[in-house]
$ cat work-v9.tsv   # TSV, C-alpha atoms and all ligand atoms
chain	number	residue	atom	x	y	z
T	1	MET	CA	12.46	2.80	10.79
T	2	LYS	CA	9.01	4.36	10.43
T	3	ILE	CA	6.55	2.29	8.42
T	4	CYS	CA	3.16	3.43	7.17
T	5	ILE	CA	0.84	0.50	6.40
T	6	LEU	CA	-2.00	1.47	4.09
T	7	MET	CA	-4.61	-1.26	4.54
T	8	GLY	CA	-6.97	-1.55	1.57
T	9	SER	CA	-9.18	-4.47	2.56
T	10	PRO	CA	-12.70	-3.58	3.69
T	11	ARG	CA	-12.52	-6.63	6.03
T	12	ALA	CA	-10.85	-5.53	9.27
T	13	LYS	CA	-10.47	-9.19	10.31
T	14	GLY	CA	-10.18	-10.73	6.86
T	15	ASN	CA	-7.42	-12.50	4.99
T	16	THR	CA	-5.15	-9.53	4.41
T	17	ALA	CA	-5.44	-8.51	8.08
T	18	GLU	CA	-4.51	-12.06	9.09
T	19	LEU	CA	-1.42	-12.03	6.86
T	20	LEU	CA	-0.42	-8.67	8.34
T	21	LYS	CA	-0.34	-10.01	11.93
T	22	PRO	CA	3.07	-11.79	11.78
T	23	PHE	CA	4.40	-9.09	9.46
T	24	ILE	CA	3.56	-6.31	11.94
T	25	SER	CA	4.68	-8.22	15.03
T	26	THR	CA	8.07	-8.94	13.42
T	27	LEU	CA	8.53	-5.28	12.55
T	28	GLU	CA	7.45	-4.09	16.00
T	29	SER	CA	9.64	-6.54	17.86
T	30	ASN	CA	12.58	-5.17	15.90
T	31	GLY	CA	11.97	-1.57	16.84
T	32	CYS	CA	10.05	-0.32	13.79
T	33	ALA	CA	7.38	2.31	14.45
T	34	ILE	CA	4.19	1.33	12.64
T	35	THR	CA	1.27	3.52	11.65
T	36	TYR	CA	-1.65	1.37	10.49
T	37	ILE	CA	-4.24	3.16	8.37
T	38	PHE	CA	-7.50	1.36	7.62
T	39	LEU	CA	-8.54	3.07	4.40
T	40	SER	CA	-12.20	1.95	4.39
T	41	ASP	CA	-12.84	4.01	7.54
T	42	LEU	CA	-11.64	7.20	5.89
T	43	ASN	CA	-12.99	9.73	3.43
T	44	ILE	CA	-10.85	9.29	0.30
T	45	GLN	CA	-12.29	11.12	-2.68
T	46	PRO	CA	-11.10	10.39	-6.22
T	47	CYS	CA	-8.59	12.76	-7.84
T	48	ASN	CA	-10.49	15.37	-9.81
T	49	GLY	CA	-7.58	16.01	-12.19
T	50	CYS	CA	-7.45	19.77	-11.54
T	51	TYR	CA	-3.61	19.89	-11.26
T	52	ALA	CA	-3.87	22.58	-8.55
T	53	CYS	CA	-1.35	20.51	-6.49
T	54	GLN	CA	1.21	21.08	-9.24
T	55	GLN	CA	1.39	24.81	-8.46
T	56	ILE	CA	2.15	24.34	-4.72
T	57	ASP	CA	5.81	23.98	-3.73
T	58	GLY	CA	6.83	22.03	-0.65
T	59	HIS	CA	3.35	20.87	0.38
T	60	TYR	CA	0.96	18.18	-0.77
T	61	GLY	CA	-1.31	20.97	-1.92
T	62	CYS	CA	-4.56	19.20	-2.85
T	63	VAL	CA	-7.65	21.41	-2.84
T	64	GLN	CA	-9.95	18.63	-1.61
T	65	ASP	CA	-11.05	18.66	2.04
T	66	ASP	CA	-11.05	14.95	2.94
T	67	ASP	CA	-8.77	12.57	4.88
T	68	VAL	CA	-6.08	12.22	2.20
T	69	GLY	CA	-4.01	15.13	3.54
T	70	LEU	CA	-3.60	13.28	6.87
T	71	ILE	CA	-2.70	10.03	5.09
T	72	MET	CA	-0.10	11.87	3.02
T	73	ASP	CA	1.38	13.40	6.20
T	74	CYS	CA	1.99	9.81	7.38
T	75	VAL	CA	3.49	8.84	4.00
T	76	ILE	CA	5.81	11.86	4.05
T	77	GLU	CA	6.96	11.13	7.63
T	78	SER	CA	7.65	7.43	6.94
T	79	ASP	CA	10.72	5.66	5.59
T	80	CYS	CA	8.69	2.84	4.07
T	81	ILE	CA	5.13	2.60	2.76
T	82	VAL	CA	3.38	-0.78	2.69
T	83	LEU	CA	0.40	-1.26	0.40
T	84	ALA	CA	-1.64	-4.09	1.95
T	85	THR	CA	-4.56	-5.16	-0.18
T	86	PRO	CA	-6.65	-8.02	-1.44
T	87	ILE	CA	-6.64	-8.17	-5.21
T	88	TYR	CA	-9.98	-6.96	-6.50
T	89	THR	CA	-10.50	-7.31	-10.26
T	90	TRP	CA	-6.75	-7.65	-10.93
T	91	TYR	CA	-5.79	-4.55	-8.97
T	92	CYS	CA	-6.10	-3.13	-5.45
T	93	THR	CA	-9.41	-2.22	-3.80
T	94	ALA	CA	-11.24	1.00	-4.68
T	95	PRO	CA	-10.16	3.13	-1.67
T	96	MET	CA	-6.52	2.25	-2.31
T	97	LYS	CA	-6.85	3.00	-6.03
T	98	ALA	CA	-8.39	6.38	-5.22
T	99	LEU	CA	-5.51	7.05	-2.82
T	100	LEU	CA	-2.91	5.99	-5.38
T	101	ASP	CA	-4.37	8.42	-7.91
T	102	ARG	CA	-4.12	11.13	-5.26
T	103	HIS	CA	-0.29	10.67	-5.18
T	104	TYR	CA	-0.06	13.49	-7.74
T	105	GLY	CA	0.50	16.15	-5.07
T	106	LEU	CA	3.59	14.25	-3.89
T	107	ASN	CA	5.23	14.56	-7.32
T	108	LYS	CA	5.53	18.11	-8.62
T	109	PHE	CA	6.13	17.15	-12.22
T	110	TYR	CA	3.50	19.03	-14.23
T	111	GLY	CA	3.28	22.68	-13.13
T	112	LYS	CA	5.27	25.56	-11.72
T	113	ALA	CA	6.04	23.67	-8.48
T	114	LYS	CA	9.11	21.42	-8.60
T	115	GLY	CA	10.49	18.42	-6.71
T	116	SER	CA	9.07	15.47	-4.85
T	117	LEU	CA	7.79	14.97	-1.32
T	118	TRP	CA	8.47	11.22	-1.29
T	119	ALA	CA	11.39	10.39	-3.64
T	120	GLY	CA	13.78	7.86	-2.10
T	121	LYS	CA	11.23	6.23	0.19
T	122	ARG	CA	10.76	2.48	0.18
T	123	LEU	CA	7.53	0.87	-0.93
T	124	ALA	CA	6.40	-2.73	-0.48
T	125	ILE	CA	3.25	-4.74	-1.24
T	126	ILE	CA	1.41	-7.33	0.85
T	127	ALA	CA	-1.38	-8.92	-1.18
T	128	THR	CA	-3.91	-11.73	-0.95
T	129	HIS	CA	-5.73	-13.16	-3.95
T	130	GLY	CA	-7.92	-16.04	-5.10
T	131	TYR	CA	-5.99	-16.88	-8.25
T	132	ASP	CA	-2.35	-17.95	-8.22
T	133	ALA	CA	0.09	-15.10	-7.62
T	134	LYS	CA	1.24	-14.66	-11.20
T	135	TYR	CA	-2.22	-14.59	-12.72
T	136	GLY	CA	-3.92	-12.79	-9.82
T	137	ALA	CA	-1.42	-10.26	-8.48
T	138	GLU	CA	1.05	-9.56	-11.30
T	139	PRO	CA	-1.01	-6.75	-12.91
T	140	PHE	CA	-1.13	-4.83	-9.62
T	141	GLU	CA	2.56	-5.43	-8.94
T	142	THR	CA	3.44	-4.22	-12.45
T	143	GLY	CA	1.49	-1.01	-11.93
T	144	ILE	CA	3.13	-0.35	-8.57
T	145	LYS	CA	6.62	-1.06	-9.93
T	146	ARG	CA	5.98	1.58	-12.58
T	147	LEU	CA	4.67	4.02	-9.98
T	148	CYS	CA	7.95	3.49	-8.09
T	149	GLU	CA	10.06	4.09	-11.21
T	150	HIS	CA	8.01	7.18	-12.08
T	151	SER	CA	8.21	8.56	-8.53
T	152	ASN	CA	11.79	7.52	-7.69
T	153	LEU	CA	10.72	5.19	-4.89
T	154	GLU	CA	12.70	2.09	-3.95
T	155	TYR	CA	10.51	-0.91	-4.72
T	156	MET	CA	11.02	-3.55	-2.01
T	157	GLY	CA	8.96	-6.35	-3.53
T	158	MET	CA	5.66	-8.09	-2.92
T	159	TYR	CA	4.71	-10.81	-0.48
T	160	SER	CA	1.45	-12.44	-1.44
T	161	VAL	CA	-0.51	-15.53	-0.43
T	162	ARG	CA	-3.35	-17.20	-2.23
T	163	ASP	CA	-6.77	-17.50	-0.61
T	164	GLU	CA	-7.53	-21.21	-0.93
T	165	ASP	CA	-9.45	-21.69	2.31
T	166	ASP	CA	-10.30	-18.19	3.61
T	167	ILE	CA	-8.53	-17.24	6.89
T	168	ALA	CA	-6.92	-20.70	7.28
T	169	SER	CA	-4.76	-20.08	4.19
T	170	PHE	CA	-3.06	-17.23	6.05
T	171	GLN	CA	-2.51	-19.14	9.30
T	172	THR	CA	-0.27	-21.85	7.84
T	173	GLU	CA	3.34	-22.12	8.97
T	174	SER	CA	4.57	-21.17	5.50
T	175	ALA	CA	2.31	-18.10	5.20
T	176	ILE	CA	3.44	-16.87	8.62
T	177	ALA	CA	7.14	-17.61	7.98
T	178	GLY	CA	6.91	-15.80	4.63
T	179	ALA	CA	5.35	-12.71	6.24
T	180	GLU	CA	8.05	-12.66	8.93
T	181	ALA	CA	10.84	-13.04	6.36
T	182	PHE	CA	9.36	-10.28	4.21
T	183	ALA	CA	9.23	-7.98	7.26
T	184	ARG	CA	12.90	-8.75	8.02
T	185	SER	CA	13.82	-7.97	4.39
T	186	LEU	CA	12.46	-4.44	4.89
T	187	TYR	CA	14.48	-3.45	7.92
T	188	HIS	CA	17.69	-5.35	7.15
T	189	ILE	CA	18.55	-3.16	4.18
Q	1	LIG	C1	-15.01	-8.07	-5.29
Q	1	LIG	C2	-13.88	-9.06	-5.29
Q	1	LIG	C3	-13.02	-9.11	-6.36
Q	1	LIG	C4	-11.97	-10.03	-6.37
Q	1	LIG	N1	-11.15	-10.06	-7.47
Q	1	LIG	C5	-10.10	-10.93	-7.49
Q	1	LIG	C6	-9.19	-10.94	-8.60
Q	1	LIG	O1	-9.31	-10.19	-9.56
Q	1	LIG	N2	-8.17	-11.81	-8.57
Q	1	LIG	C7	-7.95	-12.65	-7.53
Q	1	LIG	O2	-6.98	-13.41	-7.55
Q	1	LIG	N3	-8.80	-12.66	-6.45
Q	1	LIG	C8	-9.86	-11.82	-6.40
Q	1	LIG	N4	-10.70	-11.78	-5.31
Q	1	LIG	C9	-10.41	-12.66	-4.13
Q	1	LIG	C10	-9.74	-11.87	-2.98
Q	1	LIG	O3	-8.59	-11.18	-3.44
Q	1	LIG	C11	-9.30	-12.80	-1.85
Q	1	LIG	O4	-10.39	-13.55	-1.39
Q	1	LIG	C12	-8.67	-12.01	-0.70
Q	1	LIG	O5	-7.93	-12.90	0.12
Q	1	LIG	C13	-9.69	-11.28	0.18
Q	1	LIG	O6	-8.98	-10.61	1.19
Q	1	LIG	P1	-9.69	-9.87	2.43
Q	1	LIG	O7	-10.35	-10.92	3.29
Q	1	LIG	O8	-8.58	-9.17	3.14
Q	1	LIG	O9	-10.67	-8.89	1.87
Q	1	LIG	C14	-11.77	-10.91	-5.28
Q	1	LIG	C15	-12.65	-10.83	-4.18
Q	1	LIG	C16	-13.70	-9.93	-4.17
Q	1	LIG	C17	-14.64	-9.87	-2.99
$ encode --input "work-v9.tsv" --output "structure tokens" --more "lines below"
Ligand SMILES: Cc1cc2nc3c(=O)[nH]c(=O)nc-3n(C[C@H](O)[C@H](O)[C@H](O)COP(=O)(O)O)c2cc1C
Amino acid sequence: MKICILMGSPRAKGNTAELLKPFISTLESNGCAITYIFLSDLNIQPCNGCYACQQIDGHYGCVQDDDVGLIMDCVIESDCIVLATPIYTWYCTAPMKALLDRHYGLNKFYGKAKGSLWAGKRLAIIATHGYDAKYGAEPFETGIKRLCEHSNLEYMGMYSVRDEDDIASFQTESAIAGAEAFARSLYHI
């Protein structure tokens, strides 16, 4: 299984990265091919709402010349997309939000082009947050569930851990076991 991990934290060695370590090693040791994309290093412009992508059949078709075309190539080639992000102000971080808005070219719903470039793919969330999971992460999960319904993606669930003590919160036996179990839930289906 090919998995594209879209990493939204600006901290390359922060909490979300720590939680991803056992998740990624479980996937890799079970034969999954991982592409890890660190969004903060890339040029991801906001969607300008021009709808030009809705006239282009069979291709992503965005007119903007930034790194999003390459990211979408990875999304299109993958079986499963993982959104890995700290919760910032009840949602994902800004580069991930910009990227999510740029999904429009994957769904040809609003112009003369038709079809989808990603329907049927799996999507999962790994999140870290300061508040408890329900209060902190539920708004983001709700938005992503609706994106999956809207785009015909298979929502695989969210694994999230609360930041109570910075990196140490993500190095506990239960955080690690949870990340490993969540990884197994993705490739067992
Ligand atoms: C700018 C900013 C906004 C945040 N907003 C929230 C929030 O709305 N809800 C929450 O539960 N935690 C919030 N947090 C806490 C982070 O989600 C948490 O510390 C996370 O583990 C950081 O992950 P990282 O080290 O991968 O960046 C916020 C942190 C920052 C820096």
$ closest_residue --input "work-v9.tsv" --among "T:Ile87, T:Cys53, T:Cys47, T:Ala177" --to "ligand LIG 1 (chain Q)" --atoms "all atoms listed in the file"
T:Ile87
$ residues_around --input "work-v9.tsv" --residues "T:Ala181" --least-positions-apart "6" --cutoff "12 Å" --atoms "only C-alpha atoms" --output "VMD selection string"
chain T and resid 22 to 27 158 to 159 174 to 175 187 to 188
$ closest_residue --input "work-v9.tsv" --among "T:Ala52, T:Val75, T:Cys148, T:Ala84" --to "ligand LIG 1 (chain Q)" --atoms "all atoms listed in the file"
T:Ala84
$ residues_around --input "work-v9.tsv" --residues "T:Pro139" --least-positions-apart "6" --cutoff "10 Å" --atoms "all atoms listed in the file" --output "VMD selection string"
chain T and resid 87 89 to 92 133 145
$ residues_near_ligand --input "work-v9.tsv" --ligand "ligand LIG 1 (chain Q)" --cutoff "10 Å" --atoms "only C-alpha atoms and all ligand atoms" --output "PyMOL selection string"
chain T and resi 7-20+84-94+127-140+160-167+169-170
$ write_last_selection --input "work-v9.tsv" --atoms "C-alpha atoms" --output "JSON list (two decimals), in the frame of the given file"
[["chain", "number", "residue", "atom", "x", "y", "z"],
["T", 7, "MET", "CA", -4.61, -1.26, 4.54],
["T", 8, "GLY", "CA", -6.97, -1.55, 1.57],
["T", 9, "SER", "CA", -9.18, -4.47, 2.56],
["T", 10, "PRO", "CA", -12.70, -3.58, 3.69],
["T", 11, "ARG", "CA", -12.52, -6.63, 6.03],
["T", 12, "ALA", "CA", -10.85, -5.53, 9.27],
["T", 13, "LYS", "CA", -10.47, -9.19, 10.31],
["T", 14, "GLY", "CA", -10.18, -10.73, 6.86],
["T", 15, "ASN", "CA", -7.42, -12.50, 4.99],
["T", 16, "THR", "CA", -5.15, -9.53, 4.41],
["T", 17, "ALA", "CA", -5.44, -8.51, 8.08],
["T", 18, "GLU", "CA", -4.51, -12.06, 9.09],
["T", 19, "LEU", "CA", -1.42, -12.03, 6.86],
["T", 20, "LEU", "CA", -0.42, -8.67, 8.34],
["T", 84, "ALA", "CA", -1.64, -4.09, 1.95],
["T", 85, "THR", "CA", -4.56, -5.16, -0.18],
["T", 86, "PRO", "CA", -6.65, -8.02, -1.44],
["T", 87, "ILE", "CA", -6.64, -8.17, -5.21],
["T", 88, "TYR", "CA", -9.98, -6.96, -6.50],
["T", 89, "THR", "CA", -10.50, -7.31, -10.26],
["T", 90, "TRP", "CA", -6.75, -7.65, -10.93],
["T", 91, "TYR", "CA", -5.79, -4.55, -8.97],
["T", 92, "CYS", "CA", -6.10, -3.13, -5.45],
["T", 93, "THR", "CA", -9.41, -2.22, -3.80],
["T", 94, "ALA", "CA", -11.24, 1.00, -4.68],
["T", 127, "ALA", "CA", -1.38, -8.92, -1.18],
["T", 128, "THR", "CA", -3.91, -11.73, -0.95],
["T", 129, "HIS", "CA", -5.73, -13.16, -3.95],
["T", 130, "GLY", "CA", -7.92, -16.04, -5.10],
["T", 131, "TYR", "CA", -5.99, -16.88, -8.25],
["T", 132, "ASP", "CA", -2.35, -17.95, -8.22],
["T", 133, "ALA", "CA", 0.09, -15.10, -7.62],
["T", 134, "LYS", "CA", 1.24, -14.66, -11.20],
["T", 135, "TYR", "CA", -2.22, -14.59, -12.72],
["T", 136, "GLY", "CA", -3.92, -12.79, -9.82],
["T", 137, "ALA", "CA", -1.42, -10.26, -8.48],
["T", 138, "GLU", "CA", 1.05, -9.56, -11.30],
["T", 139, "PRO", "CA", -1.01, -6.75, -12.91],
["T", 140, "PHE", "CA", -1.13, -4.83, -9.62],
["T", 160, "SER", "CA", 1.45, -12.44, -1.44],
["T", 161, "VAL", "CA", -0.51, -15.53, -0.43],
["T", 162, "ARG", "CA", -3.35, -17.20, -2.23],
["T", 163, "ASP", "CA", -6.77, -17.50, -0.61],
["T", 164, "GLU", "CA", -7.53, -21.21, -0.93],
["T", 165, "ASP", "CA", -9.45, -21.69, 2.31],
["T", 166, "ASP", "CA", -10.30, -18.19, 3.61],
["T", 167, "ILE", "CA", -8.53, -17.24, 6.89],
["T", 169, "SER", "CA", -4.76, -20.08, 4.19],
["T", 170, "PHE", "CA", -3.06, -17.23, 6.05]]
$ closest_residue --input "work-v9.tsv" --among "T:Lys114, T:Ser40, T:Leu153, T:Gly120" --to "T:Ala98" --atoms "only C-alpha atoms"
T:Ser40
$ atom_distance --input "work-v9.tsv" --atom1 "atom CA of T:Gly157" --atom2 "atom CA of T:Asn43"
28.1 Å
$ closest_residue --input "work-v9.tsv" --among "T:Pro46, T:Val63, T:Cys80, T:Glu28" --to "T:Asp101" --atoms "all atoms listed in the file"
T:Pro46
$ atom_distance --input "work-v9.tsv" --atom1 "atom CA of T:Ile81" --atom2 "atom CA of T:Ser29"
18.2 Å
$ atom_distance --input "work-v9.tsv" --atom1 "atom CA of T:Ile125" --atom2 "atom CA of T:Val82"
5.6 Å
$ closest_residue --input "work-v9.tsv" --among "T:Cys74, T:Met1, T:Phe182, T:Leu42" --to "T:Asn30" --atoms "all atoms listed in the file"
T:Met1
$ closest_residue --input "work-v9.tsv" --among "T:Gly69, T:Gly58, T:Gly143, T:Pro95" --to "T:Ser116" --atoms "only C-alpha atoms"
T:Gly58
$ residues_near_point --input "work-v9.tsv" --point "(5.9, 21.8, -8.3)" --cutoff "8 Å" --atoms "only C-alpha atoms" --output "list in words"
Cys53, Gln54, Gln55, Ile56, Asp57, Gly58, Asn107, Lys108, Phe109, Tyr110, Gly111, Lys112, Ala113, Lys114, Gly115 and Ser116 of chain T
$ residues_near_point --input "work-v9.tsv" --point "(-14.5, 12.0, 3.1)" --cutoff "10 Å" --atoms "only C-alpha atoms" --output "VMD selection string"
chain T and resid 41 to 45 64 to 68
$ write_last_selection --input "work-v9.tsv" --atoms "C-alpha atoms" --output "mmCIF file, in the coordinates of the input"
data_model
loop_
_atom_site.group_PDB
_atom_site.id
_atom_site.type_symbol
_atom_site.label_atom_id
_atom_site.label_comp_id
_atom_site.auth_asym_id
_atom_site.auth_seq_id
_atom_site.Cartn_x
_atom_site.Cartn_y
_atom_site.Cartn_z
ATOM 1 C CA ASP T 41 -12.840 4.010 7.540
ATOM 2 C CA LEU T 42 -11.640 7.200 5.890
ATOM 3 C CA ASN T 43 -12.990 9.730 3.430
ATOM 4 C CA ILE T 44 -10.850 9.290 0.300
ATOM 5 C CA GLN T 45 -12.290 11.120 -2.680
ATOM 6 C CA GLN T 64 -9.950 18.630 -1.610
ATOM 7 C CA ASP T 65 -11.050 18.660 2.040
ATOM 8 C CA ASP T 66 -11.050 14.950 2.940
ATOM 9 C CA ASP T 67 -8.770 12.570 4.880
ATOM 10 C CA VAL T 68 -6.080 12.220 2.200
#
$ decode --input "work-v9.tsv" --residues "stretch 141-187 of chain T" --atoms "C-alpha atoms" --output "PDB file, in the first residue's frame"
ATOM      1  CA  GLU T 141     -12.182  15.869  12.445  1.00  0.00           C
ATOM      2  CA  THR T 142     -15.731  16.984  11.613  1.00  0.00           C
ATOM      3  CA  GLY T 143     -14.476  19.115   8.730  1.00  0.00           C
ATOM      4  CA  ILE T 144     -12.351  16.295   7.344  1.00  0.00           C
ATOM      5  CA  LYS T 145     -15.181  13.756   7.641  1.00  0.00           C
ATOM      6  CA  ARG T 146     -17.312  16.098   5.550  1.00  0.00           C
ATOM      7  CA  LEU T 147     -14.519  16.547   3.015  1.00  0.00           C
ATOM      8  CA  CYS T 148     -14.403  12.737   2.727  1.00  0.00           C
ATOM      9  CA  GLU T 149     -18.180  12.489   2.223  1.00  0.00           C
ATOM     10  CA  HIS T 150     -18.094  15.306  -0.327  1.00  0.00           C
ATOM     11  CA  SER T 151     -15.142  13.801  -2.208  1.00  0.00           C
ATOM     12  CA  ASN T 152     -16.077  10.108  -1.910  1.00  0.00           C
ATOM     13  CA  LEU T 153     -13.010   9.238   0.153  1.00  0.00           C
ATOM     14  CA  GLU T 154     -13.001   6.442   2.718  1.00  0.00           C
ATOM     15  CA  TYR T 155     -12.489   8.036   6.121  1.00  0.00           C
ATOM     16  CA  MET T 156     -10.245   5.781   8.228  1.00  0.00           C
ATOM     17  CA  GLY T 157     -10.464   7.661  11.516  1.00  0.00           C
ATOM     18  CA  MET T 158      -8.277   9.853  13.679  1.00  0.00           C
ATOM     19  CA  TYR T 159      -5.563   8.970  16.160  1.00  0.00           C
ATOM     20  CA  SER T 160      -4.772  11.868  18.427  1.00  0.00           C
ATOM     21  CA  VAL T 161      -2.802  12.430  21.620  1.00  0.00           C
ATOM     22  CA  ARG T 162      -2.951  15.354  23.985  1.00  0.00           C
ATOM     23  CA  ASP T 163       0.125  17.489  24.620  1.00  0.00           C
ATOM     24  CA  GLU T 164       0.372  17.497  28.409  1.00  0.00           C
ATOM     25  CA  ASP T 165       4.153  17.552  28.750  1.00  0.00           C
ATOM     26  CA  ASP T 166       5.554  18.433  25.295  1.00  0.00           C
ATOM     27  CA  ILE T 167       7.530  15.594  23.609  1.00  0.00           C
ATOM     28  CA  ALA T 168       7.255  13.288  26.664  1.00  0.00           C
ATOM     29  CA  SER T 169       3.480  12.990  26.123  1.00  0.00           C
ATOM     30  CA  PHE T 170       4.173  11.275  22.803  1.00  0.00           C
ATOM     31  CA  GLN T 171       6.836   8.897  24.118  1.00  0.00           C
ATOM     32  CA  THR T 172       4.603   7.060  26.592  1.00  0.00           C
ATOM     33  CA  GLU T 173       3.870   3.375  26.096  1.00  0.00           C
ATOM     34  CA  SER T 174       0.202   4.116  25.453  1.00  0.00           C
ATOM     35  CA  ALA T 175       0.888   6.862  22.875  1.00  0.00           C
ATOM     36  CA  ILE T 176       3.288   4.565  21.006  1.00  0.00           C
ATOM     37  CA  ALA T 177       0.984   1.525  21.201  1.00  0.00           C
ATOM     38  CA  GLY T 178      -1.917   3.651  19.940  1.00  0.00           C
ATOM     39  CA  ALA T 179       0.101   4.914  16.965  1.00  0.00           C
ATOM     40  CA  GLU T 180       1.160   1.353  16.087  1.00  0.00           C
ATOM     41  CA  ALA T 181      -2.416   0.055  16.349  1.00  0.00           C
ATOM     42  CA  PHE T 182      -3.702   2.915  14.199  1.00  0.00           C
ATOM     43  CA  ALA T 183      -1.068   2.105  11.554  1.00  0.00           C
ATOM     44  CA  ARG T 184      -2.130  -1.563  11.583  1.00  0.00           C
ATOM     45  CA  SER T 185      -5.785  -0.522  11.179  1.00  0.00           C
ATOM     46  CA  LEU T 186      -4.858   1.172   7.892  1.00  0.00           C
ATOM     47  CA  TYR T 187      -3.213  -1.751   6.160  1.00  0.00           C
TER      48      TYR T 187
END
